file final-v7.txt (compact mmCIF, C-alpha atoms and all ligand atoms)
# COMPACT_ATOMS: atom_id res chain seq x y z
CA MET A 1 75.87 145.15 85.29
CA ALA A 2 76.29 141.42 84.75
CA ASP A 3 78.17 139.22 87.15
CA ALA A 4 81.47 137.81 85.99
CA PRO A 5 81.08 134.37 84.42
CA PRO A 6 81.69 131.52 86.88
CA SER A 7 84.52 130.21 84.72
CA ALA A 8 86.66 133.30 85.47
CA ASP A 9 89.97 131.51 85.68
CA PRO A 10 92.13 133.03 88.46
CA GLU A 11 89.49 132.33 91.12
CA THR A 12 89.51 128.59 90.48
CA TRP A 13 93.13 128.15 91.63
CA PHE A 14 93.97 127.26 95.21
CA VAL A 15 97.13 126.65 97.19
CA LEU A 16 97.25 123.52 99.35
CA ARG A 17 99.57 123.66 102.32
CA HIS A 18 100.72 121.05 104.82
CA GLY A 19 103.54 122.21 107.06
CA GLU A 20 106.25 123.57 104.74
CA ALA A 21 104.99 121.76 101.65
CA THR A 22 102.64 123.45 99.21
CA THR A 23 100.95 122.32 96.02
CA SER A 24 98.34 123.91 93.80
CA ALA A 25 94.89 122.68 92.94
CA GLN A 26 92.15 123.78 90.61
CA ALA A 27 88.42 123.79 91.29
CA GLU A 28 85.82 122.87 88.72
CA VAL A 29 83.45 125.48 90.14
CA ALA A 30 84.26 128.69 91.98
CA VAL A 31 81.36 131.11 92.20
CA ARG A 32 81.11 134.30 94.20
CA TYR A 33 77.67 135.57 95.23
CA GLY A 34 77.12 139.31 95.41
CA ASP A 35 75.10 140.85 98.28
CA ALA A 36 71.98 141.28 96.15
CA ALA A 37 72.05 137.68 94.96
CA ARG A 38 72.61 136.33 98.50
CA ILE A 39 69.75 138.36 99.99
CA ALA A 40 67.39 137.47 97.11
CA ARG A 41 68.12 133.75 97.50
CA GLY A 42 68.04 133.72 101.30
CA VAL A 43 64.85 135.74 101.69
CA GLY A 44 63.25 133.87 98.78
CA VAL A 45 63.83 130.50 100.44
CA MET A 46 62.48 131.78 103.79
CA ALA A 47 59.34 133.13 102.08
CA LEU A 48 58.91 129.86 100.17
CA GLY A 49 59.09 127.87 103.42
CA LEU A 50 56.45 130.09 105.04
CA ALA A 51 54.20 129.90 101.97
CA LEU A 52 54.47 126.10 101.72
CA GLY A 53 53.89 125.72 105.46
CA ALA A 54 50.78 127.90 105.21
CA ALA A 55 49.53 126.03 102.16
CA CYS A 56 49.88 122.66 103.93
CA VAL A 57 47.71 123.77 106.87
CA VAL A 58 44.71 122.39 104.98
CA VAL A 59 46.30 118.94 104.50
CA PRO A 60 45.01 116.48 107.14
CA VAL A 61 47.60 114.84 109.46
CA LEU A 62 50.52 116.13 107.38
CA HIS A 63 49.90 119.66 108.67
CA LEU A 64 50.99 118.53 112.14
CA ILE A 65 54.53 118.42 110.80
CA THR A 66 54.64 120.66 107.73
CA THR A 67 53.18 123.69 109.50
CA TRP A 68 56.33 124.16 111.54
CA ALA A 69 58.89 122.06 109.63
CA LEU A 70 58.63 123.86 106.30
CA PRO A 71 58.98 127.42 107.73
CA ALA A 72 61.75 126.24 110.06
CA GLY A 73 63.58 124.49 107.22
CA GLY A 74 63.16 127.52 104.98
CA LEU A 75 64.50 129.76 107.74
CA ALA A 76 67.55 127.55 108.32
CA LEU A 77 68.30 127.24 104.63
CA GLY A 78 67.72 130.96 104.14
CA VAL A 79 70.19 131.87 106.90
CA TYR A 80 72.69 129.45 105.37
CA LEU A 81 72.27 131.04 101.92
CA LEU A 82 72.60 134.55 103.41
CA ASN A 83 75.92 133.54 104.95
CA THR A 84 77.23 131.77 101.87
CA ARG A 85 79.35 134.28 100.01
CA SER A 86 80.98 131.84 97.65
CA LYS A 87 80.81 128.27 96.50
CA VAL A 88 83.71 126.07 95.52
CA ALA A 89 83.22 122.54 94.22
CA GLY A 90 85.31 119.80 92.70
CA LEU A 91 88.69 120.94 93.99
CA ARG A 92 91.34 118.57 92.64
CA GLY A 93 95.04 118.63 93.24
CA GLU A 94 98.01 116.82 94.67
CA CYS A 95 98.08 116.44 98.42
CA PRO A 96 101.07 118.38 99.85
CA ALA A 97 101.48 115.74 102.55
CA CYS A 98 101.46 112.46 100.59
CA GLY A 99 101.63 113.59 96.94
CA GLU A 100 98.56 111.63 95.90
CA PRO A 101 96.12 113.36 93.56
CA GLY A 102 92.85 113.79 95.37
CA ARG A 103 89.58 115.60 95.60
CA PHE A 104 89.32 118.01 98.51
CA ALA A 105 85.88 118.57 99.97
CA SER A 106 86.17 122.00 101.52
CA ALA A 107 87.40 125.26 100.09
CA SER A 108 86.28 128.88 100.21
CA LEU A 109 87.01 131.96 98.16
CA GLU A 110 86.88 134.01 101.38
CA GLY A 111 90.00 132.64 103.02
CA THR A 112 91.86 129.61 104.31
CA VAL A 113 89.88 126.55 105.34
CA GLU A 114 91.03 123.12 106.48
CA ALA A 115 90.37 120.07 104.34
CA VAL A 116 91.26 116.45 104.84
CA CYS A 117 93.24 114.52 102.24
CA PRO A 118 91.13 111.58 101.05
CA ALA A 119 94.27 109.44 100.68
CA CYS A 120 96.31 110.05 103.85
CA PHE A 121 93.76 111.94 106.00
CA ALA A 122 96.25 114.72 106.71
CA PHE A 123 94.81 118.15 107.46
CA VAL A 124 95.54 120.44 104.55
CA GLN A 125 95.10 124.21 104.53
CA VAL A 126 93.29 125.35 101.39
CA THR A 127 93.82 129.01 100.46
CA PRO A 128 92.66 130.83 97.32
CA ALA A 129 95.72 131.48 95.16
CA ALA A 130 94.80 135.16 95.05
CA LEU A 131 95.06 135.38 98.86
CA ALA A 132 98.06 133.09 99.35
CA PRO A 133 101.34 134.78 100.23
CA ASP A 134 103.80 134.90 97.35
CA PRO A 135 106.28 132.06 97.96
CA GLY A 136 109.05 134.34 96.62
CA ASP A 137 108.57 136.66 99.58
CA ALA A 138 109.32 134.05 102.22
CA ALA A 139 113.01 133.92 102.99
CA PRO A 140 114.12 130.36 103.66
CA GLY A 141 115.04 129.89 107.30
ZN ZN B 201 97.55 113.07 101.40
call {"tool": "encode", "arguments": {"input": "final-v7.txt", "output": "structure tokens", "more": "lines below"}}
Ligand SMILES: [Zn+2]
result
Amino acid sequence: MADAPPSADPETWFVLRHGEATTSAQAEVAVRYGDAARIARGVGVMALGLALGAACVVVPVLHLITTWALPAGGLALGVYLLNTRSKVAGLRGECPACGEPGRFASASLEGTVEAVCPACFAFVQVTPAALAPDPGDAAPG
């Protein structure tokens, strides 16, 4: 079983929303990590931090820091990787608030997150197109 290629198109589309206005944006990268991949990466990084910390015990002076910093850093990064179910990068689209094309820093395949427009600093809700409600369903009030 191979994972779907990261370029799988529908996942790279997002809906940007600000109040009543919506626009669409496309991400350069939208990758989903399966459970096995997350656990392998997270535990691998933790083990690497412990191994490096243990290896540096023999280094004079440096071991005062590396002995705890490397395992602690590996643990923190490992927990982060375990909790990271998807990665989205390079999301570009028109801001629904000001209409300027921009690059939005935060997005997730898991659900709606808030991003800030780099042009007008408005808060914009970023939702994967697959999870966004169909605009045809909403009756105009
Ligand atoms: Zn804007």
call {"tool": "closest_residue", "arguments": {"input": "final-v7.txt", "among": "A:Leu50, A:Cys117, A:Val124, A:Ala89", "to": "ligand ZN 201 (chain B)", "atoms": "only C-alpha atoms and all ligand atoms"}}
result
A:Cys117
call {"tool": "residues_near_ligand", "arguments": {"input": "final-v7.txt", "ligand": "ligand ZN 201 (chain B)", "cutoff": "12 Å", "atoms": "all atoms listed in the file", "output": "list in words"}}
result
Leu16, Arg17, His18, Ala21, Thr22, Thr23, Gly93, Glu94, Cys95, Pro96, Ala97, Cys98, Gly99, Glu100, Pro101, Gly102, Arg103, Phe104, Ala115, Val116, Cys117, Pro118, Ala119, Cys120, Phe121, Ala122, Phe123, Val124 and Gln125 of chain A
call {"tool": "closest_residue", "arguments": {"input": "final-v7.txt", "among": "A:Ala132, A:Val57, A:Ala107, A:Val88", "to": "Ala30 (chain A)", "atoms": "only C-alpha atoms"}}
result
A:Val88
call {"tool": "atom_distance", "arguments": {"input": "final-v7.txt", "atom1": "CA of Ser108 (chain A)", "atom2": "CA of Met46 (chain A)"}}
result
24.2 Å
call {"tool": "residues_around", "arguments": {"input": "final-v7.txt", "residues": "Thr66 (chain A)", "least_positions_apart": "4", "cutoff": "8 Å", "atoms": "all atoms listed in the file", "output": "number ranges by chain"}}
result
A: 53, 56-57, 62, 70
call {"tool": "atom_distance", "arguments": {"input": "final-v7.txt", "atom1": "CA of Leu91 (chain A)", "atom2": "CA of Ala130 (chain A)"}}
result
15.5 Å
call {"tool": "residues_around", "arguments": {"input": "final-v7.txt", "residues": "Asp35 (chain A)", "least_positions_apart": "3", "cutoff": "9 Å", "atoms": "only C-alpha atoms", "output": "ChimeraX atom specification"}}
result
/A:38-40,82,85
call {"tool": "residues_near_point", "arguments": {"input": "final-v7.txt", "point": "(78.7, 128.0, 92.6)", "cutoff": "6 Å", "atoms": "all atoms listed in the file", "output": "list of chain:residue names"}}
result
A:Val29, A:Ala30, A:Val31, A:Lys87
call {"tool": "atom_distance", "arguments": {"input": "final-v7.txt", "atom1": "CA of Pro128 (chain A)", "atom2": "CA of Glu28 (chain A)"}}
result
13.6 Å
call {"tool": "closest_residue", "arguments": {"input": "final-v7.txt", "among": "A:Gly19, A:Pro10, A:Gly90, A:Gly42", "to": "Leu75 (chain A)", "atoms": "all atoms listed in the file"}}
result
A:Gly42
call {"tool": "residues_around", "arguments": {"input": "final-v7.txt", "residues": "Arg41 (chain A)", "least_positions_apart": "4", "cutoff": "9 Å", "atoms": "all atoms listed in the file", "output": "MDAnalysis selection string"}}
result
chainID A and resid 36:37 45:46 78 81:82
call {"tool": "closest_residue", "arguments": {"input": "final-v7.txt", "among": "A:Leu64, A:Gln26, A:Ala76, A:Arg32", "to": "Ala47 (chain A)", "atoms": "only C-alpha atoms"}}
result
A:Ala76
call {"tool": "residues_around", "arguments": {"input": "final-v7.txt", "residues": "Thr67 (chain A)", "least_positions_apart": "5", "cutoff": "12 Å", "atoms": "only C-alpha atoms", "output": "list in words"}}
result
Gly49, Leu50, Ala51, Leu52, Gly53, Ala54, Ala55, Cys56, Val57, Val58, Val59, Pro60, Val61, Leu62, Ala72, Gly73 and Gly74 of chain A
call {"tool": "write_last_selection", "arguments": {"input": "final-v7.txt", "atoms": "C-alpha atoms", "output": "PDB file, in the coordinates of the input"}}
result
ATOM      1  CA  GLY A  49      59.090 127.870 103.420  1.00  0.00           C
ATOM      2  CA  LEU A  50      56.450 130.090 105.040  1.00  0.00           C
ATOM      3  CA  ALA A  51      54.200 129.900 101.970  1.00  0.00           C
ATOM      4  CA  LEU A  52      54.470 126.100 101.720  1.00  0.00           C
ATOM      5  CA  GLY A  53      53.890 125.720 105.460  1.00  0.00           C
ATOM      6  CA  ALA A  54      50.780 127.900 105.210  1.00  0.00           C
ATOM      7  CA  ALA A  55      49.530 126.030 102.160  1.00  0.00           C
ATOM      8  CA  CYS A  56      49.880 122.660 103.930  1.00  0.00           C
ATOM      9  CA  VAL A  57      47.710 123.770 106.870  1.00  0.00           C
ATOM     10  CA  VAL A  58      44.710 122.390 104.980  1.00  0.00           C
ATOM     11  CA  VAL A  59      46.300 118.940 104.500  1.00  0.00           C
ATOM     12  CA  PRO A  60      45.010 116.480 107.140  1.00  0.00           C
ATOM     13  CA  VAL A  61      47.600 114.840 109.460  1.00  0.00           C
ATOM     14  CA  LEU A  62      50.520 116.130 107.380  1.00  0.00           C
ATOM     15  CA  ALA A  72      61.750 126.240 110.060  1.00  0.00           C
ATOM     16  CA  GLY A  73      63.580 124.490 107.220  1.00  0.00           C
ATOM     17  CA  GLY A  74      63.160 127.520 104.980  1.00  0.00           C
TER      18      GLY A  74
END
call {"tool": "decode", "arguments": {"input": "final-v7.txt", "residues": "region 33-62 of chain A", "atoms": "N, CA and C atoms", "output": "PDB file, in the first residue's frame"}}
result
ATOM      1  N   TYR A  33      -0.246  12.895   6.750  1.00  0.00           N
ATOM      2  CA  TYR A  33       0.584  11.828   7.305  1.00  0.00           C
ATOM      3  C   TYR A  33      -0.307  10.773   7.935  1.00  0.00           C
ATOM      4  N   GLY A  34      -0.099   9.517   7.542  1.00  0.00           N
ATOM      5  CA  GLY A  34      -0.836   8.419   8.151  1.00  0.00           C
ATOM      6  C   GLY A  34      -0.315   8.153   9.552  1.00  0.00           C
ATOM      7  N   ASP A  35      -1.067   7.348  10.348  1.00  0.00           N
ATOM      8  CA  ASP A  35      -0.662   7.059  11.723  1.00  0.00           C
ATOM      9  C   ASP A  35       0.730   6.435  11.779  1.00  0.00           C
ATOM     10  N   ALA A  36       0.999   5.481  10.904  1.00  0.00           N
ATOM     11  CA  ALA A  36       2.288   4.780  10.947  1.00  0.00           C
ATOM     12  C   ALA A  36       3.427   5.750  10.684  1.00  0.00           C
ATOM     13  N   ALA A  37       3.248   6.635   9.716  1.00  0.00           N
ATOM     14  CA  ALA A  37       4.301   7.583   9.374  1.00  0.00           C
ATOM     15  C   ALA A  37       4.532   8.563  10.518  1.00  0.00           C
ATOM     16  N   ARG A  38       3.435   9.033  11.157  1.00  0.00           N
ATOM     17  CA  ARG A  38       3.571   9.979  12.268  1.00  0.00           C
ATOM     18  C   ARG A  38       4.333   9.346  13.423  1.00  0.00           C
ATOM     19  N   ILE A  39       3.947   8.113  13.787  1.00  0.00           N
ATOM     20  CA  ILE A  39       4.567   7.451  14.935  1.00  0.00           C
ATOM     21  C   ILE A  39       6.031   7.156  14.628  1.00  0.00           C
ATOM     22  N   ALA A  40       6.326   6.718  13.397  1.00  0.00           N
ATOM     23  CA  ALA A  40       7.710   6.415  13.032  1.00  0.00           C
ATOM     24  C   ALA A  40       8.569   7.666  13.126  1.00  0.00           C
ATOM     25  N   ARG A  41       8.054   8.804  12.616  1.00  0.00           N
ATOM     26  CA  ARG A  41       8.830  10.045  12.650  1.00  0.00           C
ATOM     27  C   ARG A  41       8.990  10.562  14.077  1.00  0.00           C
ATOM     28  N   GLY A  42       7.885  10.568  14.829  1.00  0.00           N
ATOM     29  CA  GLY A  42       7.916  11.111  16.183  1.00  0.00           C
ATOM     30  C   GLY A  42       8.831  10.307  17.097  1.00  0.00           C
ATOM     31  N   VAL A  43       8.656   8.989  17.095  1.00  0.00           N
ATOM     32  CA  VAL A  43       9.474   8.141  17.964  1.00  0.00           C
ATOM     33  C   VAL A  43      10.922   8.153  17.483  1.00  0.00           C
ATOM     34  N   GLY A  44      11.122   8.221  16.175  1.00  0.00           N
ATOM     35  CA  GLY A  44      12.478   8.263  15.628  1.00  0.00           C
ATOM     36  C   GLY A  44      13.235   9.489  16.103  1.00  0.00           C
ATOM     37  N   VAL A  45      12.561  10.641  16.099  1.00  0.00           N
ATOM     38  CA  VAL A  45      13.208  11.882  16.526  1.00  0.00           C
ATOM     39  C   VAL A  45      13.517  11.831  18.025  1.00  0.00           C
ATOM     40  N   MET A  46      12.585  11.275  18.824  1.00  0.00           N
ATOM     41  CA  MET A  46      12.838  11.154  20.264  1.00  0.00           C
ATOM     42  C   MET A  46      14.052  10.262  20.520  1.00  0.00           C
ATOM     43  N   ALA A  47      14.116   9.124  19.813  1.00  0.00           N
ATOM     44  CA  ALA A  47      15.232   8.193  20.007  1.00  0.00           C
ATOM     45  C   ALA A  47      16.537   8.832  19.566  1.00  0.00           C
ATOM     46  N   LEU A  48      16.491   9.614  18.484  1.00  0.00           N
ATOM     47  CA  LEU A  48      17.691  10.295  17.990  1.00  0.00           C
ATOM     48  C   LEU A  48      18.198  11.305  19.025  1.00  0.00           C
ATOM     49  N   GLY A  49      17.267  12.045  19.643  1.00  0.00           N
ATOM     50  CA  GLY A  49      17.662  13.011  20.669  1.00  0.00           C
ATOM     51  C   GLY A  49      18.329  12.335  21.851  1.00  0.00           C
ATOM     52  N   LEU A  50      17.761  11.199  22.298  1.00  0.00           N
ATOM     53  CA  LEU A  50      18.350  10.451  23.406  1.00  0.00           C
ATOM     54  C   LEU A  50      19.730   9.919  23.035  1.00  0.00           C
ATOM     55  N   ALA A  51      19.847   9.388  21.805  1.00  0.00           N
ATOM     56  CA  ALA A  51      21.115   8.801  21.367  1.00  0.00           C
ATOM     57  C   ALA A  51      22.192   9.881  21.261  1.00  0.00           C
ATOM     58  N   LEU A  52      21.840  11.033  20.696  1.00  0.00           N
ATOM     59  CA  LEU A  52      22.815  12.121  20.558  1.00  0.00           C
ATOM     60  C   LEU A  52      23.209  12.659  21.931  1.00  0.00           C
ATOM     61  N   GLY A  53      22.204  12.794  22.832  1.00  0.00           N
ATOM     62  CA  GLY A  53      22.506  13.264  24.173  1.00  0.00           C
ATOM     63  C   GLY A  53      23.454  12.313  24.877  1.00  0.00           C
ATOM     64  N   ALA A  54      23.235  11.008  24.728  1.00  0.00           N
ATOM     65  CA  ALA A  54      24.096  10.008  25.357  1.00  0.00           C
ATOM     66  C   ALA A  54      25.493  10.044  24.746  1.00  0.00           C
ATOM     67  N   ALA A  55      25.554  10.230  23.443  1.00  0.00           N
ATOM     68  CA  ALA A  55      26.847  10.246  22.761  1.00  0.00           C
ATOM     69  C   ALA A  55      27.676  11.447  23.192  1.00  0.00           C
ATOM     70  N   CYS A  56      27.018  12.571  23.491  1.00  0.00           N
ATOM     71  CA  CYS A  56      27.741  13.801  23.841  1.00  0.00           C
ATOM     72  C   CYS A  56      28.180  13.836  25.295  1.00  0.00           C
ATOM     73  N   VAL A  57      27.819  12.808  26.080  1.00  0.00           N
ATOM     74  CA  VAL A  57      28.232  12.766  27.486  1.00  0.00           C
ATOM     75  C   VAL A  57      29.753  12.792  27.588  1.00  0.00           C
ATOM     76  N   VAL A  58      30.439  12.242  26.607  1.00  0.00           N
ATOM     77  CA  VAL A  58      31.904  12.159  26.663  1.00  0.00           C
ATOM     78  C   VAL A  58      32.581  13.451  26.219  1.00  0.00           C
ATOM     79  N   VAL A  59      31.792  14.418  25.688  1.00  0.00           N
ATOM     80  CA  VAL A  59      32.392  15.669  25.206  1.00  0.00           C
ATOM     81  C   VAL A  59      32.547  16.630  26.385  1.00  0.00           C
ATOM     82  N   PRO A  60      33.771  17.090  26.666  1.00  0.00           N
ATOM     83  CA  PRO A  60      33.971  17.996  27.805  1.00  0.00           C
ATOM     84  C   PRO A  60      33.180  19.298  27.630  1.00  0.00           C
ATOM     85  N   VAL A  61      32.749  19.885  28.731  1.00  0.00           N
ATOM     86  CA  VAL A  61      32.020  21.155  28.796  1.00  0.00           C
ATOM     87  C   VAL A  61      30.677  21.082  28.067  1.00  0.00           C
ATOM     88  N   LEU A  62      30.727  20.712  26.778  1.00  0.00           N
ATOM     89  CA  LEU A  62      29.506  20.667  25.970  1.00  0.00           C
ATOM     90  C   LEU A  62      28.457  19.756  26.607  1.00  0.00           C
TER      91      LEU A  62
END
